[in-house]
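Input: a single structure, listed below in structure tokens.
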Amino acid sequence: MQRHRVSAVLFASFCLEIVLVCAQGQPEQLVLDPHWYPGTATWYGDPEGDGSTGGACGYGTLVDVKPLRARVGAVGPVLYMKGEGCGACYKVKCLDQSICSKRAVTVIITDECPGCPSDRTHFDLSGAAFGRMAVAGENGQLRNRGEIPVIYRRTPCLYGGKNIAFRVNEGSTPFWLSLLAEFEDGDGDIGSMHVQEAGSSEWLQMNHLWGANWCIIGGPLRGPFSVKLSTSTGRSLTARDVIPSNWTPKATYTSRLNFLP
């Protein structure tokens with residue numbers, strides 16, 4: 001991981017440019033927040049690599065394959081929020097016109113950045129995502145700069161026709177059930193998760209465990225299970241009987257629906 005301090009003069013000039021960009025830019029059709037905010041970025045892993053191997057959110061090998069591959073990012077405490085920021089998507093843009101294109105990269109939060117500053121928003125991107133902010137042929141030169149000023153904004157997650165899936169985490173039993181949701185379009189993150197047992201009308205609240213993982217202690221819990229998700233902005237979705245009665249740990253069960261972005 002490479003980090004270098006940016007001079008106050010240089011950062012001030014970027015802040016001025018941020019104001020100009022915000023004043024002139026037009027919001028895209030699908031945005032969660034039209035406003036750009038200042039931050040900093042570094043990169044980690046191989047220069048053209050995917051970044052995380054696994055990561056603190058718990059997505060495991062998903063980070064190594066499309067649609068997450070090379071789009072992953074680690075963030076500091078401001079956006080990681082003890083794991084509640086996992087799954088959110090952001091556009092990140094470098095403003096140095098001498099080496100950066102006008103193109104923003106879209107990244108999915110899959111990891112925490114240990115030691116990243118807590119007094120400002122910081123992204124630690126995959127080498128591939130970081131390099132894509134450069135003009136053609138300058139990917140390596142941009143990575144050589146280490147830490148750079150950027151602007152960022154929250155953007156909808158788009159998974160190209162995939163439906164929400166639920167992974168039953170290793171160690172789950174009828175008395176301790178742990179789930180991780182994958183491929184949530186729109187907000188991308190999870191604000192709350194509830195399950196409903198077979199033959200019951202009661203929704204049981206799950207507890208945030210770590211990263212993007214949730215759990216419930218009870219039992220014995222009887223499937224099939226319906227799962228209700230709410231995002232950080234309060235949007236909700238219910239997947240009926242998505243986890244069968246013969247579920248097994250480490251298995252993933254795909255629903256028939258997704259959030260509309």
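Note on naming: chains are A, B, ... as they come in the structure tokens, residues start from 1 per chain, ligands start from 1 in the order shown.
Residues with any atom within 6 Å of range 34-49 of chain A, counting only C-alpha atoms and excluding same-chain neighbours fewer than 3 positions away, are A:Met1, A:Pro27, A:Val31, A:Thr121, A:His122, A:Phe123, A:Asp124, A:Leu125, A:Ser126, A:Gly127, A:Ala128, A:Gly146, A:Glu147, A:Ile148, A:Pro149, A:Val150, A:Ile151, A:Tyr152, A:Arg153.
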List every residue of range 81-138 of chain A that has an atom at most 8 Å from any atom of range 212-220 of chain A, giving for each one its closest atom pair and the distance in Å to one decimal, counting only C-alpha atoms, sorted by chain and then by ascending residue number, as CSV.
residue,atom,partner,partner_atom,distance
A:Gly83,CA,A:Ala212,CA,6.1
A:Glu84,CA,A:Ala212,CA,6.9
A:Cys86,CA,A:Ala212,CA,5.7
A:Gly87,CA,A:Ala212,CA,7.5
Write out, as a JSON list (two decimals), in the first residue's frame, the residues just selected, with N, CA and C atoms.
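Dumped everything to result_12.json:
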[["chain", "number", "residue", "atom", "x", "y", "z"],
["A", 83, "GLY", "N", -18.77, -1.75, 9.39],
["A", 83, "GLY", "CA", -19.34, -2.77, 8.51],
["A", 83, "GLY", "C", -20.68, -2.40, 7.92],
["A", 84, "GLU", "N", -21.34, -1.38, 8.46],
["A", 84, "GLU", "CA", -22.66, -1.01, 7.94],
["A", 84, "GLU", "C", -22.56, -0.36, 6.56],
["A", 86, "CYS", "N", -20.74, -1.67, 4.17],
["A", 86, "CYS", "CA", -20.41, -2.73, 3.20],
["A", 86, "CYS", "C", -21.47, -2.82, 2.12],
["A", 87, "GLY", "N", -21.03, -2.99, 0.88],
["A", 87, "GLY", "CA", -21.94, -3.16, -0.25],
["A", 87, "GLY", "C", -22.32, -1.87, -0.94]]
(message) Would you pick out the contacts of Pro174 in chain A at 12 Å or less, using only C-alpha atoms, so that residues sharing its chain but fewer than 2 positions from it are not included, and give the list as a ChimeraX atom specification?
(response) /A:168,171-172,176-178,197,215-225,245-249
Take the residues just selected and output them with C-alpha atoms as a tab-separated table (two decimals), in the first residue's frame.
chain	number	residue	atom	x	y	z
A	168	VAL	CA	-25.69	-19.20	4.78
A	171	GLY	CA	-21.03	-22.56	11.35
A	172	SER	CA	-24.77	-21.90	11.03
A	176	TRP	CA	-27.50	-19.90	15.29
A	177	LEU	CA	-28.23	-18.72	11.77
A	178	SER	CA	-25.92	-16.29	9.99
A	197	GLU	CA	-39.79	-19.24	9.97
A	215	CYS	CA	-27.16	-13.51	12.65
A	216	ILE	CA	-29.97	-14.65	14.89
A	217	ILE	CA	-29.90	-16.89	17.96
A	218	GLY	CA	-33.00	-18.93	18.71
A	219	GLY	CA	-34.39	-22.22	18.06
A	220	PRO	CA	-34.57	-24.58	16.86
A	221	LEU	CA	-35.23	-22.37	13.82
A	222	ARG	CA	-37.32	-24.08	11.15
A	223	GLY	CA	-37.07	-23.46	7.41
A	224	PRO	CA	-37.94	-22.62	4.82
A	225	PHE	CA	-37.03	-19.06	5.75
A	245	SER	CA	-35.94	-26.33	4.79
A	246	ASN	CA	-32.94	-28.50	3.85
A	247	TRP	CA	-30.48	-25.59	3.82
A	248	THR	CA	-26.81	-26.23	4.46
A	249	PRO	CA	-23.99	-24.01	5.75
(message) When you look at Ser101 in chain A with a cut-off of 6 Å (counting only C-alpha atoms), what residues show up, excluding the ones that are within fewer than 6 positions of it in the same chain? I need them as a PyMOL selection string.
(response) chain A and resi 133-135
Take the residues that were just selected and, keeping N, CA, C and O atoms, output them as a PDB file, in the first residue's frame.
ATOM      1  N   MET A 133      -8.511   5.755 -13.458  1.00  0.00           N
ATOM      2  CA  MET A 133      -8.789   7.191 -13.404  1.00  0.00           C
ATOM      3  C   MET A 133      -7.814   7.984 -14.261  1.00  0.00           C
ATOM      4  O   MET A 133      -8.014   9.179 -14.498  1.00  0.00           O
ATOM      5  N   ALA A 134      -6.744   7.358 -14.734  1.00  0.00           N
ATOM      6  CA  ALA A 134      -5.711   8.054 -15.511  1.00  0.00           C
ATOM      7  C   ALA A 134      -6.100   8.147 -16.983  1.00  0.00           C
ATOM      8  O   ALA A 134      -6.921   7.372 -17.481  1.00  0.00           O
ATOM      9  N   VAL A 135      -5.490   9.114 -17.676  1.00  0.00           N
ATOM     10  CA  VAL A 135      -5.623   9.158 -19.128  1.00  0.00           C
ATOM     11  C   VAL A 135      -4.891   7.955 -19.710  1.00  0.00           C
ATOM     12  O   VAL A 135      -4.065   7.322 -19.047  1.00  0.00           O
TER      13      VAL A 135
END
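Comparing A:Arg240, A:His194, A:Lys91, A:Arg256 by their smallest distance to Lys228 in chain A, the closest is A:His194 (using only C-alpha atoms).
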(request) Enter the distance from CA of Ser118 in chain A to CA of Gly54 in chain A, in Å, rounded to one decimal. (result) 22.8 Å
Using only C-alpha atoms, which protein or nucleic acid residues come within 8 Å of Arg71 in chain A? Drop anything in the same chain fewer than 4 positions from it, and give the result as a compact mmCIF listing (two decimals) with all heavy atoms, in the first residue's frame.
# COMPACT_ATOMS: atom_id res chain seq x y z
N ASP A 50 -7.08 -6.98 -8.50
CA ASP A 50 -8.45 -6.77 -8.04
C ASP A 50 -8.54 -6.18 -6.65
O ASP A 50 -9.64 -5.91 -6.16
CB ASP A 50 -9.21 -8.10 -8.06
CG ASP A 50 -9.26 -8.72 -9.44
OD1 ASP A 50 -9.22 -7.94 -10.42
OD2 ASP A 50 -9.33 -9.95 -9.55
N PRO A 67 -19.41 -9.60 -11.01
CA PRO A 67 -19.25 -8.18 -11.32
C PRO A 67 -18.40 -7.39 -10.33
O PRO A 67 -18.18 -6.20 -10.53
CB PRO A 67 -20.68 -7.67 -11.32
CG PRO A 67 -21.36 -8.52 -10.30
CD PRO A 67 -20.74 -9.88 -10.44
N THR A 106 -16.32 3.43 -10.67
CA THR A 106 -17.32 2.98 -9.72
C THR A 106 -16.76 1.83 -8.92
O THR A 106 -16.28 0.85 -9.49
CB THR A 106 -18.61 2.54 -10.44
OG1 THR A 106 -19.14 3.64 -11.19
CG2 THR A 106 -19.66 2.07 -9.43
N VAL A 107 -16.81 1.94 -7.60
CA VAL A 107 -16.25 0.90 -6.74
C VAL A 107 -17.30 0.44 -5.74
O VAL A 107 -18.22 1.20 -5.39
CB VAL A 107 -14.99 1.38 -5.99
CG1 VAL A 107 -13.87 1.68 -6.98
CG2 VAL A 107 -15.28 2.60 -5.14
N ILE A 108 -17.17 -0.81 -5.31
CA ILE A 108 -18.07 -1.42 -4.34
C ILE A 108 -17.30 -1.64 -3.05
O ILE A 108 -16.20 -2.20 -3.07
CB ILE A 108 -18.59 -2.77 -4.88
CG1 ILE A 108 -19.26 -2.57 -6.24
CG2 ILE A 108 -19.57 -3.41 -3.89
CD1 ILE A 108 -19.37 -3.84 -7.06
N SER A 126 -8.51 -0.92 -5.51
CA SER A 126 -7.70 -1.91 -6.21
C SER A 126 -6.78 -1.18 -7.17
O SER A 126 -7.07 -0.07 -7.64
CB SER A 126 -8.59 -2.88 -6.98
OG SER A 126 -9.21 -2.24 -8.08
N ALA A 128 -6.24 -1.84 -10.21
CA ALA A 128 -6.92 -1.68 -11.49
C ALA A 128 -7.85 -0.48 -11.47
O ALA A 128 -7.86 0.34 -12.39
CB ALA A 128 -7.68 -2.95 -11.84
N ALA A 129 -8.67 -0.35 -10.40
CA ALA A 129 -9.62 0.76 -10.31
C ALA A 129 -8.90 2.10 -10.21
O ALA A 129 -9.28 3.08 -10.84
CB ALA A 129 -10.55 0.57 -9.12
(message) as an MDAnalysis selection string, please: the residues near Gly191 in chain A (cut-off 9 Å, only C-alpha atoms, same-chain neighbours under 5 positions excluded).
(response) chainID A and resid 84 208 229:234
(message) Can you pull out every residue from range 8-212 of chain A that DSSP, working from the backbone, puts in strand (DSSP E or B), and format the result as an MDAnalysis selection string?
(response) chainID A and resid 37:44 72:75 89:94 100 105:112 122:126 134 148:155 157 165:168 173 176:182 186 192:196 204:205 207:210
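Residue nearest Tyr90 in chain A within the list A:Gly137, A:Gly211, A:Gly188, A:Pro244: A:Gly188 [criterion: smallest interatomic distance, only C-alpha atoms].
Pairwise distance (CA of Leu68 in chain A, CA of Asp185 in chain A) equals 12.8 Å.
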(request) Using DSSP on the backbone coordinates, identify the residues of range 33-232 of chain A assigned to helix (DSSP H, G or I); present them as a list in words. (result) Gly60, Thr61, Leu62, Val63, Asp64, Pro77, Val78, Leu79, Tyr80, Met81, Lys82, Gly83, Gly127, Ala128, Ala129, Phe130, Gly131, Asn139, Gly140, Gln141, Leu142, Arg143 and Asn144 of chain A
Using N, CA and C atoms, can you write the selected residues to a file as a PDB file, in the first residue's frame?
ATOM      1  N   GLY A  60     -15.862 -12.773   0.640  1.00  0.00           N
ATOM      2  CA  GLY A  60     -15.075 -13.945   0.262  1.00  0.00           C
ATOM      3  C   GLY A  60     -14.616 -13.914  -1.176  1.00  0.00           C
ATOM      4  N   THR A  61     -14.763 -15.046  -1.879  1.00  0.00           N
ATOM      5  CA  THR A  61     -14.254 -15.162  -3.245  1.00  0.00           C
ATOM      6  C   THR A  61     -15.055 -14.352  -4.260  1.00  0.00           C
ATOM      7  N   LEU A  62     -16.187 -13.765  -3.844  1.00  0.00           N
ATOM      8  CA  LEU A  62     -16.945 -12.919  -4.772  1.00  0.00           C
ATOM      9  C   LEU A  62     -16.109 -11.754  -5.287  1.00  0.00           C
ATOM     10  N   VAL A  63     -15.162 -11.290  -4.472  1.00  0.00           N
ATOM     11  CA  VAL A  63     -14.379 -10.124  -4.881  1.00  0.00           C
ATOM     12  C   VAL A  63     -13.426 -10.454  -6.024  1.00  0.00           C
ATOM     13  N   ASP A  64     -13.223 -11.734  -6.317  1.00  0.00           N
ATOM     14  CA  ASP A  64     -12.281 -12.139  -7.355  1.00  0.00           C
ATOM     15  C   ASP A  64     -12.938 -12.380  -8.708  1.00  0.00           C
ATOM     16  N   PRO A  77     -12.808   4.609   8.372  1.00  0.00           N
ATOM     17  CA  PRO A  77     -13.950   4.572   9.298  1.00  0.00           C
ATOM     18  C   PRO A  77     -15.133   5.430   8.879  1.00  0.00           C
ATOM     19  N   VAL A  78     -14.888   6.534   8.172  1.00  0.00           N
ATOM     20  CA  VAL A  78     -15.972   7.456   7.823  1.00  0.00           C
ATOM     21  C   VAL A  78     -17.046   6.763   6.995  1.00  0.00           C
ATOM     22  N   LEU A  79     -16.634   5.907   6.048  1.00  0.00           N
ATOM     23  CA  LEU A  79     -17.591   5.219   5.195  1.00  0.00           C
ATOM     24  C   LEU A  79     -17.786   3.751   5.569  1.00  0.00           C
ATOM     25  N   TYR A  80     -16.806   3.142   6.249  1.00  0.00           N
ATOM     26  CA  TYR A  80     -16.957   1.730   6.610  1.00  0.00           C
ATOM     27  C   TYR A  80     -18.015   1.554   7.691  1.00  0.00           C
ATOM     28  N   MET A  81     -18.049   2.447   8.652  1.00  0.00           N
ATOM     29  CA  MET A  81     -19.078   2.501   9.700  1.00  0.00           C
ATOM     30  C   MET A  81     -19.253   1.142  10.393  1.00  0.00           C
ATOM     31  N   LYS A  82     -18.142   0.538  10.784  1.00  0.00           N
ATOM     32  CA  LYS A  82     -18.142  -0.743  11.497  1.00  0.00           C
ATOM     33  C   LYS A  82     -18.841  -1.848  10.706  1.00  0.00           C
ATOM     34  N   GLY A  83     -18.772  -1.747   9.388  1.00  0.00           N
ATOM     35  CA  GLY A  83     -19.343  -2.766   8.514  1.00  0.00           C
ATOM     36  C   GLY A  83     -20.681  -2.400   7.922  1.00  0.00           C
ATOM     37  N   GLY A 127      -5.639  -1.805  -7.472  1.00  0.00           N
ATOM     38  CA  GLY A 127      -4.714  -1.191  -8.426  1.00  0.00           C
ATOM     39  C   GLY A 127      -5.363  -0.921  -9.764  1.00  0.00           C
ATOM     40  N   ALA A 128      -6.239  -1.837 -10.206  1.00  0.00           N
ATOM     41  CA  ALA A 128      -6.916  -1.676 -11.489  1.00  0.00           C
ATOM     42  C   ALA A 128      -7.851  -0.479 -11.469  1.00  0.00           C
ATOM     43  N   ALA A 129      -8.672  -0.348 -10.396  1.00  0.00           N
ATOM     44  CA  ALA A 129      -9.624   0.757 -10.315  1.00  0.00           C
ATOM     45  C   ALA A 129      -8.895   2.101 -10.212  1.00  0.00           C
ATOM     46  N   PHE A 130      -7.836   2.147  -9.425  1.00  0.00           N
ATOM     47  CA  PHE A 130      -7.069   3.384  -9.265  1.00  0.00           C
ATOM     48  C   PHE A 130      -6.488   3.822 -10.615  1.00  0.00           C
ATOM     49  N   GLY A 131      -5.914   2.861 -11.338  1.00  0.00           N
ATOM     50  CA  GLY A 131      -5.286   3.185 -12.621  1.00  0.00           C
ATOM     51  C   GLY A 131      -6.266   3.650 -13.670  1.00  0.00           C
ATOM     52  N   ASN A 139      -1.548   4.985 -16.502  1.00  0.00           N
ATOM     53  CA  ASN A 139      -2.002   4.238 -15.324  1.00  0.00           C
ATOM     54  C   ASN A 139      -0.888   4.078 -14.298  1.00  0.00           C
ATOM     55  N   GLY A 140       0.286   3.655 -14.780  1.00  0.00           N
ATOM     56  CA  GLY A 140       1.412   3.428 -13.879  1.00  0.00           C
ATOM     57  C   GLY A 140       1.885   4.704 -13.224  1.00  0.00           C
ATOM     58  N   GLN A 141       1.944   5.777 -13.987  1.00  0.00           N
ATOM     59  CA  GLN A 141       2.400   7.054 -13.440  1.00  0.00           C
ATOM     60  C   GLN A 141       1.450   7.561 -12.356  1.00  0.00           C
ATOM     61  N   LEU A 142       0.138   7.352 -12.555  1.00  0.00           N
ATOM     62  CA  LEU A 142      -0.815   7.784 -11.527  1.00  0.00           C
ATOM     63  C   LEU A 142      -0.624   6.966 -10.252  1.00  0.00           C
ATOM     64  N   ARG A 143      -0.442   5.660 -10.400  1.00  0.00           N
ATOM     65  CA  ARG A 143      -0.222   4.831  -9.218  1.00  0.00           C
ATOM     66  C   ARG A 143       1.056   5.225  -8.485  1.00  0.00           C
ATOM     67  N   ASN A 144       2.051   5.683  -9.222  1.00  0.00           N
ATOM     68  CA  ASN A 144       3.310   6.097  -8.589  1.00  0.00           C
ATOM     69  C   ASN A 144       3.142   7.315  -7.688  1.00  0.00           C
TER      70      ASN A 144
END
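Nearest residue to Gly55 in chain A, choosing from A:Cys113, A:Cys100, A:Val227, A:Leu32 and counting only C-alpha atoms: A:Cys113.
Each of A:Gly85, A:Pro156, A:Gly76, A:Gly161 was checked against Asp119 in chain A using only C-alpha atoms; the smallest atom-to-atom distance is that of A:Gly76.
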